[in-house]
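The structure appears right after this line, and notes come after that.
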Amino acid sequence: MTAKRCLPVLVLAAVLAALPALAHEPEPRFNRVTFSVTATEDVANDTLVAVLAVQRDGSSARHLAAEVNETMGWALAKSREAPGIELQTLDYQTIPVYQKSTLTGWRVSQSLRLESKDRAALGDLIGVLQERLNLQHVGYEVSRGLREAVEERLIGEAIAAFQARAKRVAADLQRRTWRLVQMDVSAGGGPVPILRQRAMPMAMAEAAAAPPAIEAGTQTITVGVSGEVELSTD
């Protein structure tokens, strides 16, 4: 009697043990098509960004730090006098300098990032700051607000293009309908560098004090849509 009662339990246990294996079997992917489309727009860069730096080398890290702090304080004061310019200090570093494994001195530096939609105002400020700082980078970007507005518009265009492509594929394969299985949306485009240069000695920096000639230009913003659709079998 005990053996007969255990038999149904053993059968049930065997069925339950087989369920995970069945659940992990890959779903058939018949009649599915994967493709991608893009929507692009050329947008005028509306924000000028510049990065300047002060660097000092010498034997006393303490004295070098004082010089860098004083110069950066001067630069911040000059920058705050210019209207419509956003500023941010970056990358304060104190680095030991070695020659043949022997400590010979120190290098202290700090950078200043400036951003403005007023090209003339920022260009003039760059010329002033180059009296004591070195210009490391200047380039144009699309402002966040403008980029988001363009991307929102391009997302709609890209999704419409994806739907049109799906309908075309279904029609070419003589299928009546299609349904969306999976979709990914991505946006691209970044800042446009105009000038990059290494820090230079102050004597060379004085010769480069005039602000560089810069043009805004345009930037291509792209939104991509990729996905998978399943076609009807009739």
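So you can find residues: chains in the structure tokens are A, B, ... in the order shown, residues in each start at 1, and ligands are numbered from 1 in order.
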Which polymer residues have any atom within 12 Å of an atom of Ala121 in chain A, counting only C-alpha atoms, with same-chain residues fewer than 2 positions away left out, as a short mmCIF file (atom, residue, chain, number, x, y, z; two decimals) with all heavy atoms, in the first residue's frame?
```cif
data_model
loop_
_atom_site.label_atom_id
_atom_site.label_comp_id
_atom_site.auth_asym_id
_atom_site.auth_seq_id
_atom_site.Cartn_x
_atom_site.Cartn_y
_atom_site.Cartn_z
N THR A 47 26.80 77.49 -29.02
CA THR A 47 27.51 77.71 -27.76
C THR A 47 29.00 77.54 -27.97
O THR A 47 29.44 76.51 -28.48
CB THR A 47 27.02 76.72 -26.68
OG1 THR A 47 25.61 76.86 -26.52
CG2 THR A 47 27.71 76.99 -25.36
N LEU A 48 29.76 78.55 -27.56
CA LEU A 48 31.22 78.49 -27.65
C LEU A 48 31.79 78.08 -26.29
O LEU A 48 31.39 78.62 -25.26
CB LEU A 48 31.78 79.85 -28.06
CG LEU A 48 33.31 79.95 -28.22
CD1 LEU A 48 33.79 78.99 -29.30
CD2 LEU A 48 33.71 81.38 -28.56
N VAL A 49 32.70 77.12 -26.30
CA VAL A 49 33.32 76.60 -25.07
C VAL A 49 34.83 76.74 -25.19
O VAL A 49 35.42 76.40 -26.21
CB VAL A 49 32.94 75.13 -24.83
CG1 VAL A 49 33.66 74.59 -23.61
CG2 VAL A 49 31.43 74.98 -24.67
N SER A 79 36.56 86.86 -15.45
CA SER A 79 35.47 86.14 -16.11
C SER A 79 34.12 86.59 -15.58
O SER A 79 33.14 86.68 -16.32
CB SER A 79 35.64 84.63 -15.92
OG SER A 79 36.87 84.19 -16.46
N ARG A 80 34.04 86.85 -14.29
CA ARG A 80 32.77 87.27 -13.69
C ARG A 80 32.38 88.67 -14.15
O ARG A 80 31.20 89.04 -14.10
CB ARG A 80 32.86 87.22 -12.17
CG ARG A 80 33.00 85.80 -11.61
CD ARG A 80 32.89 85.77 -10.10
NE ARG A 80 33.05 84.41 -9.58
CZ ARG A 80 34.14 83.98 -8.96
NH1 ARG A 80 35.17 84.79 -8.76
NH2 ARG A 80 34.22 82.73 -8.53
N GLU A 81 33.34 89.45 -14.60
CA GLU A 81 33.03 90.78 -15.10
C GLU A 81 32.35 90.73 -16.47
O GLU A 81 31.65 91.67 -16.86
CB GLU A 81 34.31 91.61 -15.20
CG GLU A 81 34.94 91.94 -13.85
CD GLU A 81 36.27 92.65 -14.01
OE1 GLU A 81 36.69 92.86 -15.17
OE2 GLU A 81 36.89 92.98 -12.98
N ALA A 82 32.57 89.65 -17.22
CA ALA A 82 32.00 89.52 -18.56
C ALA A 82 30.58 88.97 -18.47
O ALA A 82 30.35 87.94 -17.83
CB ALA A 82 32.86 88.60 -19.42
N PRO A 83 29.59 89.63 -19.08
CA PRO A 83 28.20 89.17 -18.96
C PRO A 83 27.94 87.93 -19.83
O PRO A 83 28.55 87.74 -20.87
CB PRO A 83 27.40 90.37 -19.48
CG PRO A 83 28.34 91.05 -20.43
CD PRO A 83 29.71 90.87 -19.86
N GLY A 84 27.02 87.09 -19.35
CA GLY A 84 26.54 85.96 -20.13
C GLY A 84 27.53 84.83 -20.31
O GLY A 84 27.42 84.07 -21.28
N ILE A 85 28.48 84.70 -19.39
CA ILE A 85 29.48 83.64 -19.51
C ILE A 85 29.41 82.75 -18.28
O ILE A 85 29.47 83.22 -17.15
CB ILE A 85 30.89 84.23 -19.66
CG1 ILE A 85 31.00 84.96 -21.01
CG2 ILE A 85 31.95 83.12 -19.57
CD1 ILE A 85 32.32 85.62 -21.26
N GLU A 86 29.27 81.44 -18.51
CA GLU A 86 29.28 80.46 -17.43
C GLU A 86 30.71 79.96 -17.24
O GLU A 86 31.43 79.70 -18.21
CB GLU A 86 28.35 79.29 -17.75
CG GLU A 86 26.90 79.68 -17.91
CD GLU A 86 26.00 78.49 -18.17
OE1 GLU A 86 26.47 77.34 -17.99
OE2 GLU A 86 24.84 78.70 -18.58
N LEU A 114 35.05 77.88 -19.77
CA LEU A 114 34.16 79.01 -20.02
C LEU A 114 33.18 78.63 -21.13
O LEU A 114 33.55 77.96 -22.09
CB LEU A 114 34.96 80.24 -20.46
CG LEU A 114 36.06 80.71 -19.49
CD1 LEU A 114 36.89 81.80 -20.12
CD2 LEU A 114 35.44 81.18 -18.17
N GLU A 115 31.93 79.08 -20.99
CA GLU A 115 30.89 78.74 -21.96
C GLU A 115 29.97 79.94 -22.15
O GLU A 115 29.58 80.60 -21.18
CB GLU A 115 30.09 77.54 -21.46
CG GLU A 115 28.90 77.16 -22.30
CD GLU A 115 28.14 75.98 -21.73
OE1 GLU A 115 28.79 75.04 -21.22
OE2 GLU A 115 26.89 76.01 -21.77
N SER A 116 29.64 80.22 -23.42
CA SER A 116 28.75 81.34 -23.69
C SER A 116 28.15 81.22 -25.08
O SER A 116 28.77 80.66 -25.99
CB SER A 116 29.51 82.67 -23.58
OG SER A 116 28.66 83.76 -23.87
N LYS A 117 26.96 81.76 -25.24
CA LYS A 117 26.35 81.87 -26.56
C LYS A 117 26.75 83.17 -27.25
O LYS A 117 26.45 83.37 -28.42
CB LYS A 117 24.82 81.79 -26.44
CG LYS A 117 24.31 80.43 -26.00
CD LYS A 117 22.80 80.37 -26.00
CE LYS A 117 22.30 78.99 -25.58
NZ LYS A 117 20.82 78.90 -25.59
N ASP A 118 27.42 84.05 -26.51
CA ASP A 118 27.90 85.32 -27.05
C ASP A 118 29.35 85.12 -27.50
O ASP A 118 30.28 85.22 -26.69
CB ASP A 118 27.79 86.42 -26.00
CG ASP A 118 28.08 87.80 -26.56
OD1 ASP A 118 28.78 87.89 -27.59
OD2 ASP A 118 27.60 88.78 -25.96
N ARG A 119 29.55 84.85 -28.78
CA ARG A 119 30.88 84.56 -29.29
C ARG A 119 31.83 85.74 -29.11
O ARG A 119 32.99 85.57 -28.73
CB ARG A 119 30.80 84.17 -30.77
CG ARG A 119 32.15 83.86 -31.39
CD ARG A 119 32.03 83.53 -32.85
NE ARG A 119 31.61 84.69 -33.64
CZ ARG A 119 31.50 84.69 -34.97
NH1 ARG A 119 31.74 83.59 -35.64
NH2 ARG A 119 31.12 85.77 -35.61
N GLY A 123 35.16 85.61 -26.92
CA GLY A 123 36.40 85.81 -27.66
C GLY A 123 37.24 86.92 -27.05
O GLY A 123 38.46 86.78 -26.91
N ASP A 124 36.59 88.01 -26.65
CA ASP A 124 37.33 89.09 -25.99
C ASP A 124 37.91 88.64 -24.66
O ASP A 124 39.04 88.98 -24.31
CB ASP A 124 36.40 90.29 -25.78
CG ASP A 124 36.01 90.97 -27.09
OD1 ASP A 124 36.70 90.74 -28.11
OD2 ASP A 124 35.01 91.72 -27.10
N LEU A 125 37.13 87.87 -23.90
CA LEU A 125 37.60 87.39 -22.60
C LEU A 125 38.79 86.45 -22.77
O LEU A 125 39.75 86.50 -21.99
CB LEU A 125 36.47 86.69 -21.86
CG LEU A 125 36.84 86.09 -20.50
CD1 LEU A 125 37.34 87.16 -19.53
CD2 LEU A 125 35.63 85.35 -19.90
N ILE A 126 38.75 85.60 -23.78
CA ILE A 126 39.88 84.70 -24.04
C ILE A 126 41.14 85.51 -24.28
O ILE A 126 42.22 85.19 -23.76
CB ILE A 126 39.58 83.78 -25.25
CG1 ILE A 126 38.48 82.77 -24.90
CG2 ILE A 126 40.84 83.05 -25.69
CD1 ILE A 126 37.99 81.97 -26.09
N GLY A 127 41.02 86.58 -25.06
CA GLY A 127 42.18 87.42 -25.31
C GLY A 127 42.75 88.02 -24.05
O GLY A 127 43.97 88.09 -23.86
N VAL A 128 41.88 88.44 -23.13
CA VAL A 128 42.33 89.00 -21.85
C VAL A 128 43.01 87.92 -20.99
O VAL A 128 44.10 88.12 -20.44
CB VAL A 128 41.15 89.63 -21.09
CG1 VAL A 128 41.57 90.03 -19.68
CG2 VAL A 128 40.60 90.84 -21.85
N PRO A 211 42.99 86.38 -29.54
CA PRO A 211 42.01 85.29 -29.61
C PRO A 211 42.00 84.66 -30.99
O PRO A 211 42.20 85.35 -32.00
CB PRO A 211 40.68 86.01 -29.31
CG PRO A 211 40.92 87.44 -29.65
CD PRO A 211 42.36 87.69 -29.32
#
```
List as an mmCIF file with all heavy atoms, in the first residue's frame the protein and nucleic acid residues near Ala187 in chain A, meaning an atom at most 7 Å away when only C-alpha atoms are counted, but skip any in the same chain fewer than 6 places from it.
```cif
data_model
loop_
_atom_site.group_PDB
_atom_site.id
_atom_site.type_symbol
_atom_site.label_atom_id
_atom_site.label_comp_id
_atom_site.auth_asym_id
_atom_site.auth_seq_id
_atom_site.Cartn_x
_atom_site.Cartn_y
_atom_site.Cartn_z
ATOM 1 N N THR A 222 21.981 63.027 -34.989
ATOM 2 C CA THR A 222 21.404 61.801 -35.552
ATOM 3 C C THR A 222 20.636 61.036 -34.494
ATOM 4 O O THR A 222 21.104 60.898 -33.363
ATOM 5 C CB THR A 222 22.514 60.900 -36.121
ATOM 6 O OG1 THR A 222 23.256 61.620 -37.106
ATOM 7 C CG2 THR A 222 21.920 59.641 -36.753
ATOM 8 N N VAL A 223 19.481 60.548 -34.864
ATOM 9 C CA VAL A 223 18.716 59.638 -34.019
ATOM 10 C C VAL A 223 18.520 58.342 -34.800
ATOM 11 O O VAL A 223 18.075 58.357 -35.952
ATOM 12 C CB VAL A 223 17.350 60.238 -33.626
ATOM 13 C CG1 VAL A 223 16.466 59.166 -32.970
ATOM 14 C CG2 VAL A 223 17.539 61.407 -32.671
ATOM 15 N N GLY A 224 18.898 57.244 -34.187
ATOM 16 C CA GLY A 224 18.751 55.944 -34.831
ATOM 17 C C GLY A 224 17.693 55.099 -34.140
ATOM 18 O O GLY A 224 17.556 55.131 -32.917
#
```
Practice task
Would you mind telling me which residue in A:Leu135, A:Leu90, A:Met183, A:Leu112 lies nearest to Leu76 in chain A when using only C-alpha atoms?
Solution key: A:Leu112
Practice task
Do a neighbour search on Ala66 in chain A at 12 Å with only C-alpha atoms, toss out local chain neighbours closer than 5 positions, and write the hits as a ChimeraX atom specification.
Solution key: /A:54-56,60-61,71-73,94,108-110
Could you save the residues just selected, with C-alpha atoms, as a PDB file, in the first residue's frame?
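Wrote selection10.pdb, looks like this:
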```pdb
ATOM      1  CA  VAL A  54      47.582  77.985 -15.557  1.00  0.00           C
ATOM      2  CA  GLN A  55      50.664  75.864 -14.911  1.00  0.00           C
ATOM      3  CA  ARG A  56      53.752  76.504 -12.814  1.00  0.00           C
ATOM      4  CA  SER A  60      58.496  74.403  -3.942  1.00  0.00           C
ATOM      5  CA  ALA A  61      55.009  72.927  -4.235  1.00  0.00           C
ATOM      6  CA  THR A  71      46.426  83.533 -11.115  1.00  0.00           C
ATOM      7  CA  MET A  72      43.208  81.530 -11.127  1.00  0.00           C
ATOM      8  CA  GLY A  73      41.618  84.014  -8.734  1.00  0.00           C
ATOM      9  CA  THR A  94      50.041  68.863  -7.962  1.00  0.00           C
ATOM     10  CA  VAL A 108      50.998  72.612 -10.201  1.00  0.00           C
ATOM     11  CA  SER A 109      48.168  73.380 -12.606  1.00  0.00           C
ATOM     12  CA  GLN A 110      44.473  74.172 -12.805  1.00  0.00           C
TER      13      GLN A 110
END
```
